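S.K.: Contents of entry.txt (compact mmCIF, C-alpha atoms) are given next:
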# COMPACT_ATOMS: atom_id res chain seq x y z
CA MET A 1 35.16 18.77 -18.42
CA ASN A 2 33.54 18.65 -21.81
CA ARG A 3 32.13 15.22 -21.06
CA VAL A 4 30.74 16.36 -17.75
CA ALA A 5 29.09 19.33 -19.41
CA LEU A 6 27.57 17.08 -22.05
CA LEU A 7 26.35 14.70 -19.40
CA ALA A 8 24.91 17.57 -17.44
CA ALA A 9 23.11 18.84 -20.52
CA ALA A 10 21.73 15.38 -21.24
CA LEU A 11 20.55 15.00 -17.68
CA ALA A 12 19.05 18.45 -17.65
CA LEU A 13 16.73 17.87 -20.60
CA PRO A 14 14.02 15.81 -18.92
CA GLY A 15 13.96 18.21 -15.98
CA CYS A 16 13.02 21.17 -18.10
CA ALA A 17 9.27 20.57 -18.25
CA ALA A 18 8.04 23.78 -16.68
CA SER A 19 5.25 23.84 -14.11
CA PRO A 20 3.03 26.90 -13.86
CA PRO A 21 2.99 29.04 -10.71
CA LEU A 22 0.60 27.76 -8.05
CA ALA A 23 -1.91 30.62 -8.41
CA GLU A 24 -2.54 29.67 -12.05
CA GLY A 25 -3.28 26.04 -11.32
CA LEU A 26 -5.35 26.51 -8.19
CA SER A 27 -9.08 25.97 -8.69
CA ARG A 28 -11.36 28.86 -7.82
CA ASP A 29 -12.88 27.33 -4.70
CA ALA A 30 -9.52 26.24 -3.21
CA PRO A 31 -8.13 28.32 -0.31
CA ARG A 32 -5.37 30.76 -1.34
CA SER A 33 -3.16 29.47 1.44
CA ILE A 34 -3.14 26.60 3.92
CA GLU A 35 -0.68 25.71 6.64
CA LEU A 36 -1.30 22.69 8.86
CA SER A 37 0.97 24.15 11.50
CA ALA A 38 -0.05 21.62 14.18
CA THR A 39 1.64 18.85 12.14
CA PRO A 40 4.45 17.45 14.29
CA PHE A 41 8.05 17.53 13.17
CA TYR A 42 10.74 14.87 13.43
CA PRO A 43 14.17 15.91 12.16
CA GLN A 44 15.43 12.99 10.10
CA GLU A 45 18.50 11.01 11.01
CA GLU A 46 20.89 9.59 8.42
CA TYR A 47 18.95 8.00 5.53
CA GLN A 48 15.79 8.06 7.64
CA CYS A 49 13.53 10.45 5.78
CA GLY A 50 11.01 7.63 5.19
CA PRO A 51 10.45 6.81 8.87
CA ALA A 52 10.47 10.53 9.77
CA ALA A 53 7.91 11.42 7.11
CA LEU A 54 5.64 8.48 7.91
CA ALA A 55 5.82 9.15 11.66
CA THR A 56 4.84 12.77 10.93
CA LEU A 57 1.82 11.64 8.93
CA LEU A 58 0.70 9.01 11.45
CA ARG A 59 1.11 11.36 14.41
CA ALA A 60 -0.96 13.98 12.63
CA SER A 61 -3.67 11.33 12.28
CA GLY A 62 -3.51 10.48 15.99
CA VAL A 63 -1.26 7.41 16.12
CA GLU A 64 1.44 7.35 18.80
CA VAL A 65 4.62 6.54 16.88
CA THR A 66 8.11 7.94 16.44
CA PRO A 67 10.60 7.56 13.58
CA SER A 68 12.55 5.05 15.67
CA THR A 69 9.51 2.79 16.08
CA ILE A 70 8.76 3.08 12.33
CA ALA A 71 12.34 2.51 11.10
CA PRO A 72 12.43 -1.28 11.70
CA GLU A 73 9.19 -1.54 9.72
CA VAL A 74 10.41 0.22 6.59
CA PHE A 75 14.14 0.89 6.46
CA ILE A 76 16.30 -1.24 4.13
CA PRO A 77 19.98 -0.93 5.06
CA GLY A 78 21.20 -2.24 1.69
CA ARG A 79 19.20 0.44 -0.12
CA ARG A 80 19.97 3.15 2.44
CA GLY A 81 16.36 4.15 2.35
CA SER A 82 12.74 3.05 2.37
CA LEU A 83 10.42 1.97 -0.44
CA GLN A 84 6.99 3.43 -1.20
CA ILE A 85 5.19 0.09 -0.86
CA GLU A 86 6.67 -0.52 2.56
CA LEU A 87 5.66 2.93 3.81
CA ILE A 88 2.14 2.01 2.76
CA GLY A 89 2.37 -1.36 4.52
CA ALA A 90 3.65 0.26 7.72
CA ALA A 91 0.78 2.78 7.73
CA ARG A 92 -1.63 -0.18 7.62
CA ARG A 93 0.12 -1.87 10.51
CA HIS A 94 -0.71 1.17 12.61
CA GLY A 95 -4.41 0.94 11.79
CA ARG A 96 -4.55 3.77 9.28
CA MET A 97 -5.66 3.50 5.68
CA PRO A 98 -3.02 4.77 3.27
CA TYR A 99 -4.77 6.34 0.30
CA VAL A 100 -2.63 6.98 -2.77
CA LEU A 101 -3.51 10.27 -4.42
CA ASP A 102 -4.06 10.95 -8.06
CA ALA A 103 -1.09 12.33 -9.97
CA THR A 104 -2.48 15.86 -10.10
CA ALA A 105 -1.86 18.68 -7.67
CA HIS A 106 -5.65 19.08 -7.20
CA GLU A 107 -5.85 16.10 -4.87
CA LEU A 108 -2.84 17.33 -2.87
CA VAL A 109 -4.62 20.64 -2.35
CA ALA A 110 -7.96 18.97 -1.54
CA GLU A 111 -6.38 16.74 1.12
CA LEU A 112 -4.59 19.70 2.71
CA ALA A 113 -7.89 21.59 2.72
CA ALA A 114 -9.44 18.62 4.54
CA GLY A 115 -6.73 19.00 7.21
CA ARG A 116 -4.59 16.03 6.21
CA PRO A 117 -0.88 16.45 5.50
CA VAL A 118 0.41 14.55 2.47
CA LEU A 119 3.53 12.38 2.20
CA VAL A 120 5.30 13.00 -1.10
CA LEU A 121 8.20 11.34 -2.88
CA GLN A 122 10.55 13.88 -4.42
CA ASN A 123 13.43 13.40 -6.79
CA LEU A 124 15.82 16.15 -5.75
CA GLY A 125 18.30 15.07 -8.40
CA ALA A 126 17.65 14.68 -12.10
CA THR A 127 15.59 12.08 -13.91
CA ARG A 128 18.64 10.04 -14.87
CA LEU A 129 20.50 10.72 -11.63
CA PRO A 130 17.84 10.50 -8.98
CA ILE A 131 18.14 11.51 -5.36
CA TRP A 132 15.02 10.20 -3.68
CA HIS A 133 13.55 11.98 -0.74
CA TYR A 134 10.33 11.75 1.26
CA ALA A 135 8.83 14.89 2.74
CA VAL A 136 5.47 15.89 4.15
CA LEU A 137 3.52 18.62 2.42
CA ILE A 138 1.74 20.65 5.11
CA GLY A 139 0.46 23.56 3.03
CA TYR A 140 1.07 26.20 0.41
CA ASP A 141 0.73 29.90 -0.18
CA ALA A 142 -0.48 31.04 -3.57
CA GLU A 143 0.51 34.69 -3.00
CA GLN A 144 4.08 33.74 -2.10
CA ASN A 145 3.96 30.91 -4.67
CA VAL A 146 5.47 28.39 -2.24
CA ALA A 147 4.91 24.85 -1.03
CA LEU A 148 5.32 24.33 2.73
CA LEU A 149 7.03 21.14 3.85
CA ARG A 150 8.31 19.22 6.82
CA SER A 151 11.48 17.98 5.18
CA GLY A 152 14.71 16.40 6.37
CA ARG A 153 16.10 18.54 9.15
CA LYS A 154 13.94 21.55 8.23
CA GLU A 155 10.84 22.00 10.32
CA ARG A 156 9.31 24.52 7.94
CA LEU A 157 10.71 24.46 4.46
CA GLU A 158 9.34 26.98 1.98
CA MET A 159 9.99 25.76 -1.53
CA ARG A 160 9.09 27.73 -4.62
CA TRP A 161 6.02 26.00 -6.06
CA GLN A 162 7.57 25.25 -9.47
CA ARG A 163 10.58 23.66 -7.80
CA PHE A 164 8.39 21.55 -5.57
CA ALA A 165 6.18 20.51 -8.51
CA GLY A 166 9.31 19.65 -10.54
CA THR A 167 10.81 17.43 -7.84
CA TRP A 168 7.45 15.74 -7.30
CA HIS A 169 7.02 15.23 -11.04
CA ARG A 170 10.50 13.68 -11.31
CA GLY A 171 9.64 11.47 -8.34
CA GLY A 172 6.76 9.93 -10.30
CA ARG A 173 4.05 12.07 -8.65
CA PHE A 174 3.68 9.67 -5.76
CA ALA A 175 1.74 10.97 -2.77
CA PHE A 176 -0.48 9.49 -0.11
CA THR A 177 -2.42 10.46 2.97
CA THR A 178 -3.42 8.32 5.91
CA LEU A 179 -7.11 8.13 6.71
CA ALA A 180 -8.67 7.12 9.99
CA PRO A 181 -10.71 3.92 9.38
CA GLY A 182 -13.97 4.76 7.62
CA ASP A 183 -12.95 8.30 6.60
CA ILE A 184 -13.42 9.16 2.96
CA PRO A 185 -10.83 11.32 1.17
CA ALA A 186 -11.70 14.74 -0.21
CA HIS A 187 -11.69 13.57 -3.85
CA ALA A 188 -12.71 9.97 -3.32
CA ASP A 189 -12.08 7.69 -6.26
CA GLU A 190 -14.08 4.47 -6.05
CA THR A 191 -11.38 2.17 -7.40
CA ARG A 192 -8.49 3.61 -5.41
CA TYR A 193 -10.58 3.71 -2.24
CA LEU A 194 -11.50 0.03 -2.57
CA GLU A 195 -7.91 -0.92 -3.31
CA ALA A 196 -6.90 0.91 -0.15
CA ALA A 197 -9.58 -0.91 1.88
CA ALA A 198 -8.58 -4.26 0.36
CA GLY A 199 -4.99 -3.49 1.39
CA LEU A 200 -6.13 -3.25 5.01
CA GLU A 201 -7.90 -6.59 4.66
CA ALA A 202 -4.78 -8.21 3.13
CA ALA A 203 -2.70 -6.82 6.01
CA GLY A 204 -5.06 -8.42 8.53
CA GLN A 205 -6.37 -5.05 9.78
CA LEU A 206 -9.91 -6.39 9.71
CA GLN A 207 -11.70 -3.87 11.93
CA ALA A 208 -10.26 -0.97 9.97
CA ALA A 209 -11.07 -2.71 6.68
CA ASP A 210 -14.64 -3.35 7.83
CA LYS A 211 -15.18 0.34 8.60
CA ALA A 212 -13.73 1.25 5.21
CA TYR A 213 -16.10 -1.18 3.45
CA ASP A 214 -19.05 0.26 5.40
CA SER A 215 -18.10 3.75 4.20
CA ALA A 216 -17.65 2.49 0.65
CA ILE A 217 -21.10 0.84 0.68
CA ALA A 218 -22.68 4.03 2.03
CA ARG A 219 -21.00 6.08 -0.69
CA TRP A 220 -21.18 3.64 -3.63
CA PRO A 221 -23.94 1.12 -2.82
CA ASP A 222 -23.61 -0.50 -6.26
CA GLN A 223 -19.91 -1.32 -5.94
CA PRO A 224 -19.65 -5.16 -5.85
CA ARG A 225 -16.10 -5.21 -4.43
CA ALA A 226 -17.23 -3.35 -1.33
CA TRP A 227 -19.85 -6.07 -0.68
CA LEU A 228 -17.25 -8.76 -1.34
CA GLY A 229 -15.02 -7.10 1.24
CA ARG A 230 -17.82 -6.86 3.79
CA GLY A 231 -18.54 -10.57 3.24
CA ASN A 232 -14.89 -11.50 3.75
CA ILE A 233 -14.71 -9.67 7.08
CA ALA A 234 -18.01 -11.22 8.24
CA TYR A 235 -16.71 -14.68 7.30
CA VAL A 236 -13.55 -14.24 9.36
CA ASP A 237 -15.75 -13.07 12.24
CA GLY A 238 -17.67 -16.35 11.93
CA ASP A 239 -20.94 -14.68 10.90
CA LEU A 240 -21.98 -16.99 8.05
CA ALA A 241 -25.40 -15.40 7.48
CA ALA A 242 -23.98 -11.88 7.17
CA ALA A 243 -21.20 -13.14 4.90
CA ALA A 244 -23.68 -14.96 2.65
CA ASP A 245 -25.92 -11.88 2.38
CA ALA A 246 -22.98 -9.66 1.44
CA TYR A 247 -21.69 -12.11 -1.20
CA GLN A 248 -25.20 -12.39 -2.59
CA ARG A 249 -25.33 -8.61 -3.05
CA ALA A 250 -21.94 -8.70 -4.76
CA ILE A 251 -23.17 -11.40 -7.17
CA LEU A 252 -26.43 -9.60 -7.93
CA LEU A 253 -24.41 -6.49 -8.81
CA ALA A 254 -21.80 -8.43 -10.81
CA PRO A 255 -23.06 -11.90 -11.81
CA GLY A 256 -19.69 -12.73 -13.40
CA ASP A 257 -17.75 -12.18 -10.16
CA ALA A 258 -16.03 -15.54 -9.65
CA ALA A 259 -14.47 -14.47 -6.33
CA ALA A 260 -17.85 -13.65 -4.76
CA ARG A 261 -19.35 -16.93 -6.04
CA ASN A 262 -16.39 -18.93 -4.72
CA ASN A 263 -16.65 -17.28 -1.34
CA LEU A 264 -20.42 -17.79 -1.20
CA ALA A 265 -19.81 -21.48 -1.97
CA GLN A 266 -17.36 -21.67 0.92
CA VAL A 267 -19.97 -20.17 3.26
CA MET A 268 -22.64 -22.58 2.00
CA ALA A 269 -20.30 -25.53 2.53
CA ASP A 270 -19.67 -24.39 6.11
CA ALA A 271 -23.41 -23.90 6.67
CA GLY A 272 -24.16 -27.48 5.62
CA CYS A 273 -25.60 -26.64 2.19
CA PRO A 274 -23.38 -28.62 -0.21
CA ALA A 275 -25.85 -28.63 -3.14
CA GLU A 276 -26.00 -24.82 -3.26
CA ALA A 277 -22.22 -24.64 -2.77
CA ARG A 278 -21.72 -26.94 -5.77
CA LYS A 279 -23.99 -24.80 -7.93
CA GLN A 280 -22.09 -21.59 -7.06
CA LEU A 281 -18.76 -23.27 -7.73
CA GLU A 282 -19.96 -24.37 -11.16
CA ARG A 283 -20.89 -20.79 -12.03
CA ALA A 284 -17.61 -19.54 -10.55
CA SER A 285 -15.45 -21.93 -12.54
CA VAL A 286 -17.09 -20.86 -15.81
CA HIS A 287 -16.26 -17.19 -15.11
CA ALA A 288 -12.80 -17.94 -13.73
CA ALA A 289 -11.63 -20.21 -16.57
CA GLY A 290 -8.12 -19.21 -17.57
CA THR A 291 -7.70 -16.70 -14.71
CA PRO A 292 -5.58 -17.11 -11.57
CA LEU A 293 -8.78 -17.62 -9.57
CA ALA A 294 -9.34 -21.00 -11.26
CA GLY A 295 -6.89 -22.60 -8.82
CA ALA A 296 -8.64 -21.17 -5.77
CA ILE A 297 -11.99 -22.42 -7.03
CA ALA A 298 -10.66 -25.92 -7.69
CA GLU A 299 -9.35 -25.92 -4.13
CA THR A 300 -12.70 -24.87 -2.68
CA ARG A 301 -14.36 -27.66 -4.66
CA ALA A 302 -11.85 -30.30 -3.51
CA ASN A 303 -12.38 -29.16 0.06
CA LEU A 304 -16.16 -29.36 -0.37
CA GLU A 305 -16.06 -32.89 -1.79
CA SER A 306 -13.76 -34.15 0.96
CA ARG A 307 -16.16 -33.11 3.74
CA PRO A 308 -18.41 -35.68 5.40
CA PRO A 309 -22.13 -35.23 4.59
CA PRO A 310 -23.63 -32.46 6.77
CA ALA A 311 -25.08 -33.67 10.08
CA ALA A 312 -27.79 -30.98 10.15
CA ALA A 313 -30.04 -29.45 7.52
CA CYS A 314 -28.84 -26.42 5.53
CA ALA A 315 -28.65 -23.52 7.99
CA LEU A 316 -29.27 -20.91 5.29
CA ALA A 317 -32.18 -22.62 3.52
CA ASP A 318 -34.47 -19.62 4.04
CA ARG A 319 -32.70 -17.58 1.36
CA ILE A 320 -32.97 -17.44 -2.38
CA TRP A 321 -29.56 -17.56 -4.04
CA PRO A 322 -28.54 -15.83 -7.22
CA ASP A 323 -28.49 -18.12 -10.21
CA MET B 1 25.29 -32.76 29.87
CA ARG B 2 22.41 -30.76 31.20
CA ILE B 3 23.59 -27.64 29.38
CA GLU B 4 23.85 -29.58 26.13
CA ARG B 5 20.30 -30.83 26.54
CA PHE B 6 19.12 -27.31 27.30
CA ARG B 7 20.94 -26.00 24.23
CA ARG B 8 19.30 -28.61 22.03
CA ALA B 9 15.88 -27.80 23.40
CA CYS B 10 16.47 -24.13 22.67
CA VAL B 11 17.56 -24.85 19.11
CA ALA B 12 14.51 -27.05 18.55
CA LEU B 13 12.21 -24.38 19.96
CA VAL B 14 13.71 -21.60 17.87
CA SER B 15 13.64 -23.63 14.66
CA LEU B 16 10.04 -24.61 15.31
CA SER B 17 8.99 -21.02 15.80
CA LEU B 18 10.91 -19.96 12.67
CA MET B 19 9.17 -22.69 10.68
CA SER B 20 5.77 -21.58 11.80
CA LEU B 21 6.70 -18.00 10.88
CA GLY B 22 7.64 -19.14 7.41
CA MET B 23 4.32 -20.87 6.92
CA GLN B 24 2.25 -17.94 8.08
CA THR B 25 -0.19 -16.83 5.41
CA PRO B 26 -2.66 -14.01 5.83
CA ALA B 27 -5.26 -15.66 3.58
CA VAL B 28 -8.33 -17.39 4.94
CA ALA B 29 -8.80 -20.95 3.62
CA GLY B 30 -11.43 -21.15 0.91
CA ILE B 31 -11.91 -17.38 0.68
CA VAL B 32 -10.62 -15.15 -2.12
CA GLY B 33 -9.41 -11.91 -0.55
CA THR B 34 -10.72 -8.62 -1.94
CA SER B 35 -7.27 -7.53 -3.11
CA GLU B 36 -6.81 -10.83 -4.99
CA ALA B 37 -10.24 -10.36 -6.58
CA ILE B 38 -9.27 -6.84 -7.66
CA ALA B 39 -5.94 -8.08 -9.02
CA ALA B 40 -7.67 -10.91 -10.90
CA GLY B 41 -9.86 -8.29 -12.56
CA ARG B 42 -6.73 -6.63 -13.92
CA SER B 43 -4.97 -9.43 -15.69
CA GLN B 44 -1.52 -7.81 -15.56
CA ASP B 45 -1.54 -7.94 -11.74
CA ALA B 46 -3.04 -11.38 -11.37
CA LEU B 47 -1.02 -14.07 -9.63
CA SER B 48 -1.69 -17.71 -9.06
CA ALA B 49 -1.32 -18.99 -5.50
CA VAL B 50 2.01 -20.56 -6.43
CA GLN B 51 3.35 -17.33 -7.95
CA ALA B 52 2.24 -15.43 -4.87
CA ALA B 53 4.07 -17.84 -2.58
CA ILE B 54 7.21 -17.56 -4.71
CA ALA B 55 7.03 -13.76 -4.64
CA ARG B 56 6.72 -13.81 -0.85
CA ASP B 57 9.77 -16.09 -0.45
CA ASP B 58 11.68 -14.00 -2.94
CA VAL B 59 11.05 -10.73 -1.09
CA ARG B 60 11.90 -12.41 2.21
CA ALA B 61 15.28 -13.58 0.86
CA LYS B 62 16.05 -10.21 -0.70
CA LEU B 63 15.24 -8.31 2.48
CA VAL B 64 17.64 -10.54 4.40
CA GLU B 65 20.27 -9.96 1.74
CA LEU B 66 19.74 -6.19 1.98
CA GLY B 67 20.39 -6.28 5.71
CA VAL B 68 16.89 -6.16 7.19
CA ASP B 69 16.66 -7.72 10.65
CA ALA B 70 15.17 -11.22 10.23
CA ALA B 71 12.87 -10.76 13.21
CA ALA B 72 11.17 -7.79 11.53
CA ILE B 73 10.62 -9.36 8.13
CA GLU B 74 7.44 -11.40 8.65
CA GLY B 75 5.61 -8.40 10.06
CA ARG B 76 6.67 -6.35 7.06
CA LEU B 77 5.59 -9.00 4.53
CA GLY B 78 2.29 -9.44 6.36
CA ALA B 79 1.36 -5.81 5.74
CA LEU B 80 1.36 -6.20 1.95
CA SER B 81 -1.06 -7.63 -0.59
CA GLU B 82 0.00 -10.33 -3.05
CA ALA B 83 0.22 -7.86 -5.92
CA GLU B 84 2.43 -5.57 -3.82
CA LEU B 85 4.70 -8.47 -2.88
CA ALA B 86 5.04 -9.39 -6.54
CA MET B 87 5.93 -5.80 -7.41
CA LEU B 88 8.54 -5.75 -4.63
CA ALA B 89 9.98 -9.09 -5.77
CA ASP B 90 10.50 -7.55 -9.21
CA ARG B 91 11.77 -4.14 -8.26
CA ILE B 92 13.22 -4.18 -4.76
CA GLU B 93 16.69 -3.32 -6.07
CA GLN B 94 15.61 -0.51 -8.40
CA ALA B 95 12.49 1.01 -6.85
CA PRO B 96 13.00 4.53 -5.51
CA ALA B 97 14.38 4.32 -1.98
CA GLY B 98 13.91 7.64 -0.25
CA GLY B 99 16.90 8.13 2.02
CA ASP B 100 19.24 10.96 2.78
CA ALA B 101 19.40 13.74 0.23
CA LEU B 102 22.88 14.73 1.37
CA ALA B 103 24.49 11.32 0.96
CA VAL B 104 25.99 12.02 -2.45
CA ILE B 105 29.53 11.27 -3.49
CA GLY B 106 32.37 11.84 -5.98
CA ALA B 107 31.61 12.35 -9.66
CA VAL B 108 27.93 12.41 -8.95
CA PHE B 109 28.60 15.39 -6.73
CA LEU B 110 30.29 17.32 -9.53
CA VAL B 111 27.43 16.75 -11.94
CA LEU B 112 24.97 17.78 -9.29
CA ILE B 113 26.81 21.03 -8.64
CA ILE B 114 26.56 21.87 -12.32
CA LEU B 115 22.88 21.02 -12.40
CA GLU B 116 22.37 23.05 -9.26
CA ILE B 117 24.10 26.08 -10.75
CA THR B 118 22.04 25.84 -13.90
CA GLY B 119 18.94 25.70 -11.72
CA VAL B 120 17.69 22.30 -12.84
CA ILE B 121 17.75 20.72 -9.41
CA ASP B 122 17.68 21.96 -5.86
CA ILE B 123 19.41 19.57 -3.55
CA PHE B 124 21.76 22.04 -1.89
CA LYS B 125 19.72 25.16 -1.37
CA LYS B 126 16.48 23.85 -0.14
CA THR B 127 16.61 20.70 1.92
Would you write the structure of this file as structure tokens?

M.R.:
Amino acid sequence: MNRVALLAAALALPGCAASPPLAEGLSRDAPRSIELSATPFYPQEEYQCGPAALATLLRASGVEVTPSTIAPEVFIPGRRGSLQIELIGAARRHGRMPYVLDATAHELVAELAAGRPVLVLQNLGATRLPIWHYAVLIGYDAEQNVALLRSGRKERLEMRWQRFAGTWHRGGRFAFTTLAPGDIPAHADETRYLEAAAGLEAAGQLQAADKAYDSAIARWPDQPRAWLGRGNIAYVDGDLAAAADAYQRAILLAPGDAAARNNLAQVMADAGCPAEARKQLERASVHAAGTPLAGAIAETRANLESRPPPAAACALADRIWPD
Amino acid sequence: MRIERFRRACVALVSLSLMSLGMQTPAVAGIVGTSEAIAAGRSQDALSAVQAAIARDDVRAKLVELGVDAAAIEGRLGALSEAELAMLADRIEQAPAGGDALAVIGAVFLVLIILEITGVIDIFKKT
């Protein structure tokens, strides 16, 4: 018994970090209470809180799914649960952009205020003895000092704010919302937004990624990665001129961007402009020396040199390319 | 005889389709994807093409081992970036797996009751 008590005391220590009541942390312009009561509810089946929570989020954002259609996309029998990364991947497969929130409660509140429920990872156990659980935060009430959740088999779970904050803190403060393509989150962070858009591109959700890059360019016109992304989508669509223009913008904004120079070289090679392609690859290989991109650039060069000489004149000769 | 031939044709067809699944890559030849470019900018996440391919194979094998239906695996891998695949390859056995909060057993249960009584955790009251 003594040993158990000791163990319990040891386990308890990290859980003691106290969170303040909600009313104290809430910024002045935030609503005192929110409840997204139209958020659907799926009571979870055994081990299936991941599929249930993700289906709740996707449904709320207008995608027709159920936990049973999501389960084969995320559930891992050997782990009796689902992993964060795979929930994110599954959201992409359904054409939504998963956007991981900052580790502060302010972004949770801001997303709720924008009408989007938030998927959270909670550790309902202790730091050293975790019990992982996904739930969907649908609101809060500062007067009652509670978080409102769709959780497990409970359609409307009121959890004292400090308890909720504690379980979320012990779960690593992981939370994300799903955005319709092109939507910008309430507290948009440039880097996280572009990572989210690039995730759509990597998952082959090109239309959704394209809309996200358009929004990023409108919001942060000087962000080179957004132009790189736009170029990549245009290239896959077969629009060489649009791809070249986008890569050019990316290079003008970040002359040391080896990825944009490599991709521009690929476009130039396709457009029958090998001399310009060679020049861009030279610049790219200087910037990429010693990085993992060096291999990709060497490959683009080998591919360029193995092509037969172009049959027609350079199709993009009317442009001036960044040095 | 005819059945045997049919069986062989089926096997050949299935193995061919499995092979092509295994070779599927989301990348476009000659183009560096935006997520790779972002990862390359943060050296700790950067992967060479070879490392990325190894990570993908690794995650595929581990998912099979952990009981995921083989037919679902390629779609799942296809939804992830290279950096995410590498993270999964490293941590698939330890990463938090949100499951069923009530599936707790034995000694763990006893400790949890104590923690619950002392108010540190809240598995029993509030899920």

S.K.: Output as CSV one row per residue of chain B within 6 Å of chain A: the closest atom pair and its distance in Å to one decimal place, counting all atoms listed in the file, sorted by chain and residue number ascending.

M.R.:
residue,atom,partner,partner_atom,distance
B:Gly30,CA,A:Thr300,CA,5.3
B:Ile31,CA,A:Asn263,CA,5.2
B:Val32,CA,A:Ala259,CA,5.7
B:Thr34,CA,A:Ala198,CA,5.4
B:Ser35,CA,A:Ala198,CA,4.9
B:Ala37,CA,A:Ala259,CA,5.9
B:Leu47,CA,A:Pro292,CA,5.8
B:Ser48,CA,A:Pro292,CA,4.7
B:Leu66,CA,A:Gly78,CA,4.2
B:Gly67,CA,A:Pro77,CA,5.4
B:Val68,CA,A:Ile76,CA,5.8
B:Gly78,CA,A:Ala203,CA,5.6
B:Ala79,CA,A:Ala203,CA,4.2
B:Leu80,CA,A:Gly89,CA,5.6
B:Ser81,CA,A:Ala202,CA,5.3
B:Ala97,CA,A:Gly81,CA,4.8
B:Gly98,CA,A:His133,CA,4.4
B:Gly99,CA,A:Gly81,CA,4.0
B:Asp100,CA,A:Tyr47,CA,4.1
B:Ile121,CA,A:Gly125,CA,5.8
B:Ile123,CA,A:Leu124,CA,5.4

S.K.: Which residues, protein or nucleic acid, reach to within 8 Å of (-12.7, 17.6, -5.5) in the file's coordinates when using all atoms listed in the file, and can you give that as an mmCIF file with C-alpha atoms, in the coordinates of the input?

M.R.:
data_model
loop_
_atom_site.group_PDB
_atom_site.id
_atom_site.type_symbol
_atom_site.label_atom_id
_atom_site.label_comp_id
_atom_site.auth_asym_id
_atom_site.auth_seq_id
_atom_site.Cartn_x
_atom_site.Cartn_y
_atom_site.Cartn_z
ATOM 1 C CA HIS A 106 -5.650 19.080 -7.200
ATOM 2 C CA GLU A 107 -5.850 16.100 -4.870
ATOM 3 C CA ALA A 110 -7.960 18.970 -1.540
ATOM 4 C CA ALA A 186 -11.700 14.740 -0.210
ATOM 5 C CA HIS A 187 -11.690 13.570 -3.850
ATOM 6 C CA ALA A 188 -12.710 9.970 -3.320
#

S.K.: Using only C-alpha atoms, find the one residue out of A:Ala53, A:Leu316, A:Ile217, A:Ala246 that sits nearest to Leu137 (chain A).

M.R.: A:Ala53

S.K.: Could you jot down the CA of Ala27 (chain B) to CA of Arg56 (chain B) separation for me, Å, one decimal place?

M.R.: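 Value for the CA of Ala27 (chain B)-CA of Arg56 (chain B) distance: 12.9 Å.
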
S.K.: Enter the distance from CA of Leu77 (chain B) to CA of Lys62 (chain B), in Å, rounded to one decimal.

M.R.: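 About the pair CA of Leu77 (chain B) and CA of Lys62 (chain B): they are 11.8 Å apart.
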
S.K.: For Asn145 (chain A), find every residue with an atom within 9 Å (counting only C-alpha atoms), except residues of its own chain fewer than 5 positions away, and show them as a list of chain:residue names.

M.R.: A:Pro21, A:Leu22, A:Ala23, A:Tyr140, A:Met159, A:Arg160, A:Trp161, A:Gln162

S.K.: Do you have the CA of Ser61 (chain A)-CA of Ala180 (chain A) distance handy?

M.R.: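 Taking CA of Ser61 (chain A) and CA of Ala180 (chain A), their separation equals 6.9 Å.
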
S.K.: In terms of the shortest atom-to-atom distance over only C-alpha atoms, which of A:Thr104, A:Ser37, A:Ser215, A:Gln280 is closest to Glu155 (chain A)?

M.R.: A:Ser37

S.K.: Starting from the point (2.5, 8.0, -2.9), work out which residues of protein, DNA or RNA have an atom no more than 8 Å away when counting all atoms listed in the file; state them as JSON, numbers by chain.

M.R.: {"A": [84, 100, 101, 119, 120, 121, 173, 174, 175, 176]}

S.K.: Could those residues be written to a file, using C-alpha atoms, as a short mmCIF file (atom, residue, chain, number, x, y, z; two decimals), in the frame of the given file?

M.R.:
data_model
loop_
_atom_site.label_atom_id
_atom_site.label_comp_id
_atom_site.auth_asym_id
_atom_site.auth_seq_id
_atom_site.Cartn_x
_atom_site.Cartn_y
_atom_site.Cartn_z
CA GLN A 84 6.99 3.43 -1.20
CA VAL A 100 -2.63 6.98 -2.77
CA LEU A 101 -3.51 10.27 -4.42
CA LEU A 119 3.53 12.38 2.20
CA VAL A 120 5.30 13.00 -1.10
CA LEU A 121 8.20 11.34 -2.88
CA ARG A 173 4.05 12.07 -8.65
CA PHE A 174 3.68 9.67 -5.76
CA ALA A 175 1.74 10.97 -2.77
CA PHE A 176 -0.48 9.49 -0.11
#

S.K.: With all atoms listed in the file as the counted atoms, please give the residues lying no more than 8 Å from Leu179 (chain A), apart from itself and same-chain residues fewer than 5 positions off, as a ChimeraX atom specification.

M.R.: /A:61,96-99,184-185

S.K.: Applying 12 Å and all atoms listed in the file, which residues near Cys314 (chain A) remain after dropping the ones on its own chain fewer than 2 positions away? List them as JSON, numbers by chain.

M.R.: {"A": [240, 241, 267, 268, 269, 270, 271, 272, 273, 274, 275, 276, 277, 309, 310, 311, 312, 316, 317, 318, 319]}

S.K.: Which is closest to Ala114 (chain A) among A:Leu252, A:Asp323, A:Gly139, A:Pro221, if we use only C-alpha atoms?

M.R.: A:Gly139

S.K.: Calculated over only C-alpha atoms, which of the candidates B:Gln94, B:Gly33, B:Val28, B:Ile73 has the smallest distance to Asp57 (chain B)?

M.R.: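 Answer, going by the shortest atom-to-atom distance: B:Ile73.
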
S.K.: Nearest to Asp189 (chain A) among A:Gln223, A:Ser285, A:Gln248, A:Ser27, with distances taken over all atoms listed in the file: which residue is it?

M.R.: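 Answer, going by the shortest atom-to-atom distance: A:Gln223.
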